[in-house]
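S.K.: Got target.cif for you, mmCIF, C-alpha atoms:
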data_protein
loop_
_atom_site.label_atom_id
_atom_site.label_comp_id
_atom_site.auth_asym_id
_atom_site.auth_seq_id
_atom_site.Cartn_x
_atom_site.Cartn_y
_atom_site.Cartn_z
CA MET W 330 124.01 135.55 65.17
CA LEU W 331 123.20 131.89 65.77
CA LEU W 332 124.45 130.96 62.31
CA SER W 333 127.82 132.56 63.00
CA VAL W 334 128.16 130.39 66.14
CA PHE W 335 126.92 127.05 64.82
CA LEU W 336 127.90 127.15 61.16
CA LYS W 337 131.58 126.78 60.34
CA GLY W 338 132.50 129.06 57.48
CA PHE W 339 129.64 131.52 57.95
CA LEU W 340 131.92 134.39 58.98
CA THR W 341 134.55 133.86 56.30
CA ILE W 342 135.29 136.79 54.01
CA GLU W 343 134.23 134.80 50.96
CA ASN W 344 130.88 133.82 52.49
CA ILE W 345 130.14 137.32 53.79
CA SER W 346 130.90 138.66 50.30
CA ASN W 347 128.51 136.14 48.75
CA LEU W 348 125.87 136.96 51.37
CA LEU W 349 126.13 140.70 50.73
CA MET W 350 125.82 140.17 46.97
CA ARG W 351 122.77 137.93 47.38
CA VAL W 352 121.21 140.36 49.84
CA ALA W 353 121.79 143.27 47.46
CA ILE W 354 120.08 141.55 44.53
CA LEU W 355 117.14 140.28 46.61
CA GLY W 356 116.83 143.66 48.31
CA ILE W 357 116.64 145.65 45.09
CA LEU W 358 114.01 143.27 43.74
CA GLY W 359 112.23 143.56 47.10
CA VAL W 360 112.07 147.36 46.81
CA GLY W 361 110.37 147.14 43.43
CA LEU W 362 107.91 144.49 44.56
CA ALA W 363 107.20 146.37 47.80
CA VAL W 364 106.08 149.46 45.88
CA VAL W 365 103.63 147.31 43.91
CA VAL W 366 102.35 145.35 46.93
CA ILE W 367 101.79 148.50 49.01
CA GLY W 368 99.48 149.63 46.21
CA ARG W 369 97.63 146.30 46.51
CA GLY W 370 99.31 144.64 43.55
CA LEU W 371 101.60 141.72 42.82
CA ASP W 372 104.28 141.08 40.20
CA LEU W 373 105.17 137.46 39.47
CA SER W 374 107.11 138.48 36.37
CA ILE W 375 109.81 140.45 38.21
CA VAL W 376 112.50 137.74 38.07
CA ALA W 377 111.70 136.83 34.46
CA ASN W 378 111.90 140.52 33.60
CA MET W 379 115.27 140.79 35.33
CA VAL W 380 116.78 137.76 33.60
CA VAL W 381 115.47 138.47 30.11
CA SER W 382 116.34 142.18 30.08
CA VAL W 383 119.97 141.60 31.12
CA GLY W 384 120.15 138.57 28.83
CA LEU W 385 119.28 140.95 26.03
CA VAL W 386 122.10 143.26 27.15
CA VAL W 387 124.60 140.39 26.88
CA GLN W 388 123.25 139.31 23.49
CA LEU W 389 123.59 142.85 22.11
CA LEU W 390 127.14 143.12 23.43
CA ARG W 391 128.02 139.80 21.80
CA ASP W 392 126.51 141.08 18.55
CA GLY W 393 128.94 144.02 18.62
CA HIS W 394 126.79 146.83 20.00
CA SER W 395 128.24 149.34 22.46
CA PRO W 396 127.61 148.95 26.22
CA GLN W 397 125.58 152.17 26.19
CA VAL W 398 123.22 150.89 23.48
CA ALA W 399 122.97 147.44 25.08
CA ILE W 400 122.20 148.77 28.57
CA ALA W 401 119.71 151.35 27.28
CA THR W 402 117.90 148.70 25.23
CA GLY W 403 117.76 146.26 28.15
CA LEU W 404 116.43 148.98 30.44
CA CYS W 405 113.76 149.94 27.92
CA MET W 406 112.66 146.31 27.67
CA ALA W 407 112.41 145.99 31.46
CA LEU W 408 110.42 149.22 31.74
CA LEU W 409 108.17 148.17 28.85
CA THR W 410 107.41 144.84 30.53
CA GLY W 411 106.49 146.67 33.72
CA PHE W 412 104.41 149.15 31.73
CA VAL W 413 102.48 146.34 30.02
CA ASN W 414 101.81 144.76 33.42
CA GLY W 415 100.51 148.05 34.76
CA TRP W 416 98.36 148.70 31.69
CA LEU W 417 96.78 145.25 31.80
CA ILE W 418 96.00 145.59 35.51
CA ALA W 419 94.98 149.25 35.63
CA PHE W 420 93.12 149.72 32.36
CA VAL W 421 92.16 146.25 31.09
CA GLU W 422 91.44 145.19 34.69
CA VAL W 423 93.14 141.81 34.48
CA PRO W 424 93.89 140.54 38.02
CA ALA W 425 97.54 141.14 38.90
CA LEU W 426 98.23 137.48 39.64
CA PHE W 427 97.22 136.35 36.14
CA ALA W 428 98.52 139.36 34.24
CA THR W 429 102.04 139.17 35.65
CA LEU W 430 102.17 135.37 35.48
CA ALA W 431 101.28 135.53 31.78
CA THR W 432 103.74 138.35 31.11
CA GLY W 433 106.56 136.45 32.78
CA ILE W 434 105.89 133.38 30.64
CA LEU W 435 105.63 135.50 27.48
CA VAL W 436 108.89 137.41 27.95
CA THR W 437 110.78 134.24 28.86
CA GLY W 438 109.45 132.19 25.95
CA GLY W 439 109.65 135.06 23.49
CA SER W 440 113.23 135.91 24.41
CA ARG W 441 114.35 132.33 23.91
CA LEU W 442 112.67 132.16 20.52
CA PHE W 443 113.53 135.56 19.06
CA LEU W 444 116.20 137.39 21.11
CA LEU W 445 118.67 135.13 22.89
CA SER W 446 120.98 132.67 21.18
CA ASN W 447 121.63 130.53 24.28
CA ASP W 448 120.02 129.80 27.64
CA ILE W 449 123.26 130.84 29.34
CA GLN W 450 124.60 134.17 28.14
CA TYR W 451 128.27 134.92 28.92
CA LEU W 452 129.39 138.52 29.23
CA PRO W 453 131.96 139.39 26.53
CA GLU W 454 135.07 141.51 27.01
CA SER W 455 133.16 144.60 25.86
CA GLY W 456 131.08 144.39 29.06
CA ARG W 457 133.94 145.37 31.41
CA ILE W 458 131.96 148.34 32.71
CA ILE W 459 129.23 145.97 33.90
CA ASN W 460 131.80 143.77 35.64
CA ALA W 461 132.96 146.84 37.53
CA LEU W 462 129.47 147.29 38.99
CA GLY W 463 129.45 143.76 40.32
CA LEU W 464 133.04 143.38 41.50
CA THR W 465 134.27 146.82 42.65
CA ASN W 466 134.41 147.73 46.34
CA PHE W 467 133.92 151.23 47.76
CA LEU W 468 134.68 152.06 51.41
CA GLY W 469 134.93 148.37 52.18
CA LEU W 470 131.58 147.39 50.65
CA PRO W 471 130.73 146.10 47.16
CA LEU W 472 129.16 148.62 44.80
CA ALA W 473 126.21 146.21 44.69
CA VAL W 474 125.47 146.93 48.35
CA TRP W 475 125.76 150.68 47.79
CA SER W 476 123.36 150.28 44.87
CA PHE W 477 120.91 148.54 47.22
CA PHE W 478 121.22 151.43 49.69
CA LEU W 479 120.60 153.95 46.90
CA VAL W 480 117.53 152.12 45.63
CA LEU W 481 116.26 151.87 49.23
CA VAL W 482 116.67 155.60 49.76
CA LEU W 483 114.92 156.39 46.48
CA GLY W 484 112.10 154.02 47.42
CA ALA W 485 111.75 155.62 50.85
CA VAL W 486 111.66 159.10 49.34
CA LEU W 487 109.04 158.02 46.81
CA LEU W 488 106.78 156.45 49.45
CA THR W 489 107.10 159.08 52.18
CA THR W 490 107.56 162.44 50.46
CA THR W 491 105.82 162.28 47.09
CA ARG W 492 102.21 162.42 45.98
CA LEU W 493 102.72 159.14 44.16
CA GLY W 494 103.62 157.45 47.45
CA ARG W 495 100.62 158.88 49.27
CA ILE W 496 98.29 157.71 46.52
CA LEU W 497 99.87 154.23 46.58
CA TYR W 498 99.14 153.90 50.29
CA ALA W 499 95.61 155.23 49.79
CA THR W 500 95.01 152.81 46.92
CA GLY W 501 96.32 149.88 48.91
CA ALA W 502 94.24 150.77 51.96
CA ASN W 503 90.97 151.27 50.06
CA PRO W 504 90.99 151.48 46.25
CA GLU W 505 87.30 152.33 45.98
CA ALA W 506 87.64 155.24 48.42
CA ALA W 507 90.72 156.44 46.54
CA LYS W 508 88.74 156.48 43.28
CA LEU W 509 85.82 158.29 44.86
CA ALA W 510 88.23 160.89 46.25
CA GLY W 511 89.31 161.63 42.69
CA LEU W 512 92.82 160.20 43.01
CA PRO W 513 94.49 159.05 39.76
CA VAL W 514 94.53 155.40 40.79
CA ARG W 515 94.98 153.93 37.30
CA PRO W 516 97.99 156.07 36.26
CA ILE W 517 99.66 155.51 39.63
CA THR W 518 99.23 151.75 39.26
CA LEU W 519 100.78 151.99 35.80
CA ILE W 520 103.74 153.94 37.18
CA SER W 521 104.30 151.54 40.10
CA TYR W 522 104.58 148.50 37.82
CA THR W 523 106.87 150.37 35.44
CA LEU W 524 109.15 151.30 38.36
CA CYS W 525 109.12 147.67 39.45
CA GLY W 526 110.41 146.74 36.00
CA GLY W 527 113.21 149.30 36.39
CA THR W 528 114.35 147.86 39.71
CA ALA W 529 114.35 144.38 38.14
CA PHE W 530 116.82 145.62 35.53
CA VAL W 531 119.10 147.23 38.14
CA ALA W 532 119.20 143.97 40.12
CA GLY W 533 119.95 142.04 36.93
CA ILE W 534 122.85 144.29 35.95
CA ILE W 535 124.41 143.80 39.39
CA MET W 536 123.97 140.04 39.15
CA LEU W 537 125.46 140.04 35.66
CA GLY W 538 128.44 142.11 36.77
CA ASN W 539 129.15 139.73 39.63
CA VAL W 540 129.01 136.39 37.79
CA SER W 541 129.67 137.60 34.19
CA SER W 542 126.79 135.53 32.86
CA VAL W 543 123.03 135.17 33.03
CA ASN W 544 121.08 131.93 33.01
CA VAL W 545 117.66 132.39 31.43
CA ASN W 546 116.44 129.24 33.22
CA VAL W 547 116.46 131.23 36.49
CA ALA W 548 113.24 132.85 35.25
CA GLN W 549 111.48 129.51 35.69
CA GLY W 550 112.93 128.82 39.13
CA THR W 551 111.81 129.74 42.62
CA MET W 552 113.64 133.04 42.99
CA VAL W 553 110.40 135.00 42.62
CA PHE W 554 109.16 133.35 45.80
CA ASP W 555 112.33 134.45 47.59
CA VAL W 556 111.45 138.03 46.65
CA ILE W 557 107.87 137.58 47.85
CA LEU W 558 109.25 136.21 51.13
CA VAL W 559 111.41 139.32 51.49
CA VAL W 560 108.32 141.49 51.23
CA ILE W 561 105.99 139.47 53.46
CA LEU W 562 108.49 138.56 56.20
CA GLY W 563 109.54 142.19 56.37
CA GLY W 564 106.01 143.15 57.34
CA ILE W 565 104.47 144.43 54.11
CA SER W 566 100.93 143.10 54.00
CA LEU W 567 99.47 141.52 50.89
CA VAL W 568 96.29 143.42 51.77
CA GLY W 569 98.09 146.59 50.68
CA GLY W 570 98.43 150.01 52.22
CA ARG W 571 101.00 148.92 54.82
CA GLY W 572 104.77 148.66 54.98
CA SER W 573 107.90 150.69 54.30
CA MET W 574 111.47 150.40 53.06
CA LEU W 575 112.45 149.36 56.60
CA SER W 576 110.27 146.30 56.02
CA VAL W 577 112.35 145.50 52.93
CA ILE W 578 115.60 145.75 54.89
CA ILE W 579 114.30 143.38 57.59
CA GLY W 580 112.92 140.88 55.09
CA THR W 581 116.05 140.96 52.95
CA LEU W 582 118.39 140.29 55.86
CA LEU W 583 116.18 137.47 57.14
CA ILE W 584 115.79 135.66 53.82
CA GLY W 585 119.35 136.32 52.68
CA THR W 586 120.75 134.85 55.90
CA ILE W 587 118.40 131.83 55.86
CA LEU W 588 119.23 131.00 52.24
CA ASN W 589 122.93 131.46 52.85
CA GLY W 590 122.79 129.21 55.93
CA MET W 591 121.05 126.44 54.02
CA THR W 592 123.66 126.70 51.27
CA ILE W 593 126.52 126.37 53.75
CA MET W 594 124.82 123.33 55.30
CA ASN W 595 124.71 121.87 51.77
CA ILE W 596 120.98 121.28 52.01
CA ASN W 597 119.46 119.75 48.87
CA ASN W 598 117.70 122.26 46.60
CA ASP W 599 114.44 120.35 46.84
CA VAL W 600 114.61 120.46 50.64
CA GLN W 601 115.39 124.17 50.48
CA ASN W 602 112.29 124.69 48.34
CA ILE W 603 110.20 122.76 50.85
CA VAL W 604 111.51 124.95 53.68
CA LYS W 605 110.85 128.11 51.69
CA GLY W 606 107.36 126.85 50.83
CA PHE W 607 106.52 126.28 54.49
CA VAL W 608 107.92 129.67 55.48
CA LEU W 609 105.96 131.40 52.70
CA LEU W 610 102.74 129.62 53.64
CA ALA W 611 103.22 130.47 57.32
CA ALA W 612 103.90 134.12 56.45
CA ILE W 613 100.76 134.32 54.30
CA LEU W 614 98.63 132.72 57.02
CA ILE W 615 100.00 135.09 59.67
CA ASP W 616 99.46 138.07 57.36
CA GLY W 617 95.89 136.90 56.71
CA PHE W 618 95.28 136.58 60.46
CA LEU W 619 96.71 140.01 61.28
CA HIS W 620 95.10 141.72 58.28
CA PRO W 621 91.93 139.79 57.38
CA PHE W 622 90.80 139.84 53.76
CA ASP W 623 87.50 141.58 53.13
CA GLU W 624 85.53 141.82 49.88
CA GLU W 625 87.77 144.49 48.42
CA THR W 626 90.93 142.75 49.56
CA ALA W 627 89.82 139.61 47.76
CA ARG W 628 89.96 141.64 44.56
CA GLN W 629 93.73 142.04 44.83
CA GLY W 630 95.10 143.38 41.64
CA GLU W 631 91.72 144.68 40.50
CA THR W 632 92.44 148.13 41.86
CA MET W 633 90.16 149.93 39.49
#
Represent the structure from my file as structure tokens, please.

M.R.:
Amino acid sequence: MLLSVFLKGFLTIENISNLLMRVAILGILGVGLAVVVIGRGLDLSIVANMVVSVGLVVQLLRDGHSPQVAIATGLCMALLTGFVNGWLIAFVEVPALFATLATGILVTGGSRLFLLSNDIQYLPESGRIINALGLTNFLGLPLAVWSFFLVLVLGAVLLTTTRLGRILYATGANPEAAKLAGLPVRPITLISYTLCGGTAFVAGIIMLGNVSSVNVNVAQGTMVFDVILVVILGGISLVGGRGSMLSVIIGTLLIGTILNGMTIMNINNDVQNIVKGFVLLAAILIDGFLHPFDEETARQGETM
């Protein structure tokens, strides 16, 4: 509300459209990360997974493959990356922080070396169906926003009405107790990271449809911290076992509006990163104060 009063240009149609698109992409990524964090995990590879999987889609289209084959292949790659994360964390017992950091670096470096011909991949004419996802409006809202709503609803259903959701909350609250109760903690962790990979691909397809290109260098930027801010500021604790899809909505609107406001004010990217760093640090400190880390919490990511 304050931004609409003090910032000239905030309420323009063009800016609102850009804000909604940014919110949709951040929100979908936030849903995937929220599912993982509620189960006491973390995924630092989510943005790299998004960029590389849709970069592969563009590369396949440019090589003459059909949109169906390209999209299916990109989705499989995103799911496989999430699956590998989950397997490393659940069965090899690598801490989530290190497993997902390594995976993000591997998929980014590997894609540049073996899969992608350029750092910036431009969508060819054969990708018109993807453009439609990013540019079409329905009932006055972009399809990207409706996609965000759909992913939110699916996330809410998963967390509140399914056994998988109940086990995720139990694992996040107390992984040792969940194991002793005979809950399938390892398979559920595997599934949660795989789903996170799927949401990364959905967000990437929407981004690709909107701008008709994908810049692989984004994987090495600070966008992953924007997604983490969405989750933490919305009220999902890094301790695990707490939070909901409402938390994702709140966090997405907050971060999307803040980032959009700084862009309108033409704030230098380095200054923006400093601001985001302070906000992230403050959010982590507040979360730590409200939900103190105990011995088990300190083993975040080692849910087995």

S.K.: List the residues sitting within 12 Å of (90.8, 153.4, 42.1) in the file's frame, using all atoms listed in the file, as a VMD selection string.

M.R.: chain W and resid 368 to 369 418 to 420 422 496 to 519 625 630 to 633

S.K.: Set out as CSV a contact list for segment 377-453 of chain W and segment 526-541 of chain W with a cut-off of 9 Å, giving each residue of segment 377-453 of chain W that qualifies its closest atom pair and distance in Å to one decimal, counting only C-alpha atoms, ordered by chain and rising residue number.

M.R.:
residue,atom,partner,partner_atom,distance
W:Ala377,CA,W:Ala529,CA,8.8
W:Asn378,CA,W:Ala529,CA,6.4
W:Met379,CA,W:Ala529,CA,4.7
W:Val380,CA,W:Gly533,CA,6.3
W:Val381,CA,W:Gly533,CA,8.9
W:Ser382,CA,W:Phe530,CA,6.5
W:Val383,CA,W:Gly533,CA,5.8
W:Gly384,CA,W:Leu537,CA,8.8
W:Val386,CA,W:Ile534,CA,8.9
W:Val387,CA,W:Leu537,CA,8.8
W:Ile400,CA,W:Ile534,CA,8.7
W:Gly403,CA,W:Phe530,CA,7.5
W:Leu404,CA,W:Phe530,CA,6.1
W:Cys405,CA,W:Gly527,CA,8.5
W:Met406,CA,W:Gly526,CA,8.6
W:Ala407,CA,W:Gly526,CA,5.0
W:Leu408,CA,W:Gly526,CA,4.9
W:Leu409,CA,W:Gly526,CA,7.6
W:Thr410,CA,W:Gly526,CA,6.5
W:Gly411,CA,W:Gly526,CA,4.5
W:Phe412,CA,W:Gly526,CA,7.7
W:Gln450,CA,W:Ser541,CA,8.6
W:Tyr451,CA,W:Ser541,CA,6.1
W:Leu452,CA,W:Ser541,CA,5.1
W:Pro453,CA,W:Ser541,CA,8.2

S.K.: At most 9 Å from (97.7, 135.3, 42.1), file frame, all atoms listed in the file: which residues, as a VMD selection string?

M.R.: chain W and resid 371 to 373 424 to 430 629 to 630

S.K.: For a quick check of understanding, using all atoms listed in the file, which of W:Ile557, W:Val568, W:Ile458, W:Leu445 has the smallest distance to Pro396 of chain W?

M.R.: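 Under the stated criterion, the closest residue is W:Ile458.
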
S.K.: Tell me, in Å to one decimal, how far atom CA of Val560 of chain W is from atom CA of Val376 of chain W.

M.R.: 14.3 Å

S.K.: Select, from W:Leu442, W:Leu609, W:Val398, W:Cys525, the residue with the minimum atom-to-atom distance to Val413 of chain W, counting only C-alpha atoms.

M.R.: W:Cys525

S.K.: Please measure the separation of atom CA of Gly569 of chain W and atom CA of Arg495 of chain W, giving the value in Å to one decimal.

M.R.: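 The value is 12.6 Å.
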
S.K.: Quick one: distance from atom CA of Val547 of chain W to atom CA of Ile593 of chain W in Å, one decimal?

M.R.: 20.6 Å

S.K.: Pick out the residues sitting within 7 Å of Leu562 of chain W, and hand them over as a compact mmCIF listing (two decimals) with C-alpha atoms, in the frame of the given file; count all atoms listed in the file, and ignore anything fewer than 2 positions along from it in its own chain.

M.R.:
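Produced file around23.txt, reproduced below:
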# COMPACT_ATOMS: atom_id res chain seq x y z
CA LEU W 558 109.25 136.21 51.13
CA VAL W 559 111.41 139.32 51.49
CA VAL W 560 108.32 141.49 51.23
CA GLY W 564 106.01 143.15 57.34
CA GLY W 580 112.92 140.88 55.09
CA ALA W 612 103.90 134.12 56.45

S.K.: W:Val545, W:Leu575, W:Val604, W:Val365: which is nearest Ile520 of chain W, counting all atoms listed in the file?

M.R.: W:Val365

S.K.: Which residues, written as an MDAnalysis selection string, have at least one atom at most 6 Å from segment 471-474 of chain W, with all atoms listed in the file counted and residues fewer than 5 positions away on the same chain left out?

M.R.: chainID W and resid 353 462:463 465:466

S.K.: Would you mind telling me which residue in W:Trp416, W:Phe467, W:Phe443, W:Phe554 lies nearest to Ile613 of chain W when using all atoms listed in the file?

M.R.: W:Phe554

S.K.: For Leu483 of chain W, which residue among W:Leu567, W:Ile375, W:Val364, W:Leu464 is the nearest when counting all atoms listed in the file?

M.R.: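 That would be W:Val364, the residue with the smallest distance to Leu483 of chain W.
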
S.K.: Show which residues sit within 8 Å of Leu348 of chain W, as a list in words. Count all atoms listed in the file, and ignore same-chain residues fewer than 6 positions away.

M.R.: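 With the cut-off at 8 Å, the set is Gly585, Thr586 and Asn589 of chain W.
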
S.K.: Which one of W:Leu385, W:Leu493, W:Leu355, W:Leu610 sits closest to Asp448 of chain W if you count only C-alpha atoms?

M.R.: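 That would be W:Leu385, the residue with the smallest distance to Asp448 of chain W.
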
S.K.: Just the residues within 9 Å of Asn546 of chain W, please, counting only C-alpha atoms, with nothing from its chain fewer than 3 positions along; format it as a list in words.

M.R.: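 Everything that qualifies: Val380, Thr437, Asp448, Ile449, Val543, Gln549 and Gly550 of chain W.
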
S.K.: Reconstruct segment 466-476 of chain W at the level of all heavy atoms, and format the result as an mmCIF file, keeping the file's coordinate frame.

M.R.:
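Saved file out_9.cif follows:
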data_model
loop_
_atom_site.group_PDB
_atom_site.id
_atom_site.type_symbol
_atom_site.label_atom_id
_atom_site.label_comp_id
_atom_site.auth_asym_id
_atom_site.auth_seq_id
_atom_site.Cartn_x
_atom_site.Cartn_y
_atom_site.Cartn_z
ATOM 1 N N ASN W 466 134.721 147.355 44.966
ATOM 2 C CA ASN W 466 134.410 147.730 46.340
ATOM 3 C C ASN W 466 134.602 149.229 46.537
ATOM 4 O O ASN W 466 135.467 149.848 45.912
ATOM 5 C CB ASN W 466 135.292 146.980 47.332
ATOM 6 C CG ASN W 466 134.873 145.529 47.499
ATOM 7 O OD1 ASN W 466 133.894 145.090 46.907
ATOM 8 N ND2 ASN W 466 135.613 144.795 48.294
ATOM 9 N N PHE W 467 133.797 149.808 47.413
ATOM 10 C CA PHE W 467 133.920 151.230 47.760
ATOM 11 C C PHE W 467 133.718 151.360 49.258
ATOM 12 O O PHE W 467 132.696 150.922 49.797
ATOM 13 C CB PHE W 467 132.888 152.059 46.990
ATOM 14 C CG PHE W 467 132.923 153.523 47.326
ATOM 15 C CD1 PHE W 467 133.997 154.310 46.944
ATOM 16 C CD2 PHE W 467 131.892 154.115 48.053
ATOM 17 C CE1 PHE W 467 134.036 155.661 47.254
ATOM 18 C CE2 PHE W 467 131.920 155.461 48.359
ATOM 19 C CZ PHE W 467 132.994 156.238 47.960
ATOM 20 N N LEU W 468 134.719 151.917 49.947
ATOM 21 C CA LEU W 468 134.680 152.060 51.410
ATOM 22 C C LEU W 468 134.426 150.721 52.097
ATOM 23 O O LEU W 468 133.704 150.635 53.092
ATOM 24 C CB LEU W 468 133.611 153.083 51.827
ATOM 25 C CG LEU W 468 133.808 154.515 51.328
ATOM 26 C CD1 LEU W 468 132.657 155.404 51.785
ATOM 27 C CD2 LEU W 468 135.145 155.071 51.840
ATOM 28 N N GLY W 469 135.013 149.670 51.551
ATOM 29 C CA GLY W 469 134.930 148.370 52.180
ATOM 30 C C GLY W 469 133.701 147.550 51.828
ATOM 31 O O GLY W 469 133.565 146.410 52.269
ATOM 32 N N LEU W 470 132.790 148.112 51.038
ATOM 33 C CA LEU W 470 131.580 147.390 50.650
ATOM 34 C C LEU W 470 131.474 147.308 49.133
ATOM 35 O O LEU W 470 131.876 148.241 48.431
ATOM 36 C CB LEU W 470 130.329 148.099 51.203
ATOM 37 C CG LEU W 470 130.087 148.042 52.713
ATOM 38 C CD1 LEU W 470 128.872 148.897 53.076
ATOM 39 C CD2 LEU W 470 129.885 146.615 53.181
ATOM 40 N N PRO W 471 130.919 146.207 48.612
ATOM 41 C CA PRO W 471 130.730 146.100 47.160
ATOM 42 C C PRO W 471 129.806 147.195 46.645
ATOM 43 O O PRO W 471 128.890 147.639 47.359
ATOM 44 C CB PRO W 471 130.096 144.720 46.988
ATOM 45 C CG PRO W 471 130.405 143.971 48.231
ATOM 46 C CD PRO W 471 130.466 144.991 49.319
ATOM 47 N N LEU W 472 130.045 147.627 45.411
ATOM 48 C CA LEU W 472 129.160 148.620 44.800
ATOM 49 C C LEU W 472 127.713 148.116 44.750
ATOM 50 O O LEU W 472 126.771 148.910 44.772
ATOM 51 C CB LEU W 472 129.624 148.956 43.382
ATOM 52 C CG LEU W 472 130.762 149.975 43.238
ATOM 53 C CD1 LEU W 472 131.056 150.213 41.771
ATOM 54 C CD2 LEU W 472 130.430 151.277 43.950
ATOM 55 N N ALA W 473 127.551 146.790 44.690
ATOM 56 C CA ALA W 473 126.210 146.210 44.690
ATOM 57 C C ALA W 473 125.445 146.592 45.942
ATOM 58 O O ALA W 473 124.243 146.906 45.898
ATOM 59 C CB ALA W 473 126.285 144.690 44.563
ATOM 60 N N VAL W 474 126.126 146.579 47.089
ATOM 61 C CA VAL W 474 125.470 146.930 48.350
ATOM 62 C C VAL W 474 125.124 148.425 48.367
ATOM 63 O O VAL W 474 124.045 148.823 48.811
ATOM 64 C CB VAL W 474 126.370 146.569 49.539
ATOM 65 C CG1 VAL W 474 125.743 147.020 50.862
ATOM 66 C CG2 VAL W 474 126.626 145.067 49.570
ATOM 67 N N TRP W 475 126.061 149.247 47.872
ATOM 68 C CA TRP W 475 125.760 150.680 47.790
ATOM 69 C C TRP W 475 124.591 150.935 46.846
ATOM 70 O O TRP W 475 123.766 151.831 47.087
ATOM 71 C CB TRP W 475 127.000 151.448 47.313
ATOM 72 C CG TRP W 475 128.096 151.508 48.325
ATOM 73 C CD1 TRP W 475 129.311 150.889 48.256
ATOM 74 C CD2 TRP W 475 128.078 152.215 49.566
ATOM 75 N NE1 TRP W 475 130.059 151.159 49.379
ATOM 76 C CE2 TRP W 475 129.342 151.979 50.199
ATOM 77 C CE3 TRP W 475 127.152 153.030 50.207
ATOM 78 C CZ2 TRP W 475 129.672 152.516 51.438
ATOM 79 C CZ3 TRP W 475 127.470 153.574 51.446
ATOM 80 C CH2 TRP W 475 128.714 153.322 52.048
ATOM 81 N N SER W 476 124.498 150.153 45.792
ATOM 82 C CA SER W 476 123.360 150.280 44.870
ATOM 83 C C SER W 476 122.055 149.954 45.585
ATOM 84 O O SER W 476 121.033 150.616 45.382
ATOM 85 C CB SER W 476 123.547 149.354 43.667
ATOM 86 O OG SER W 476 124.721 149.661 42.958
#
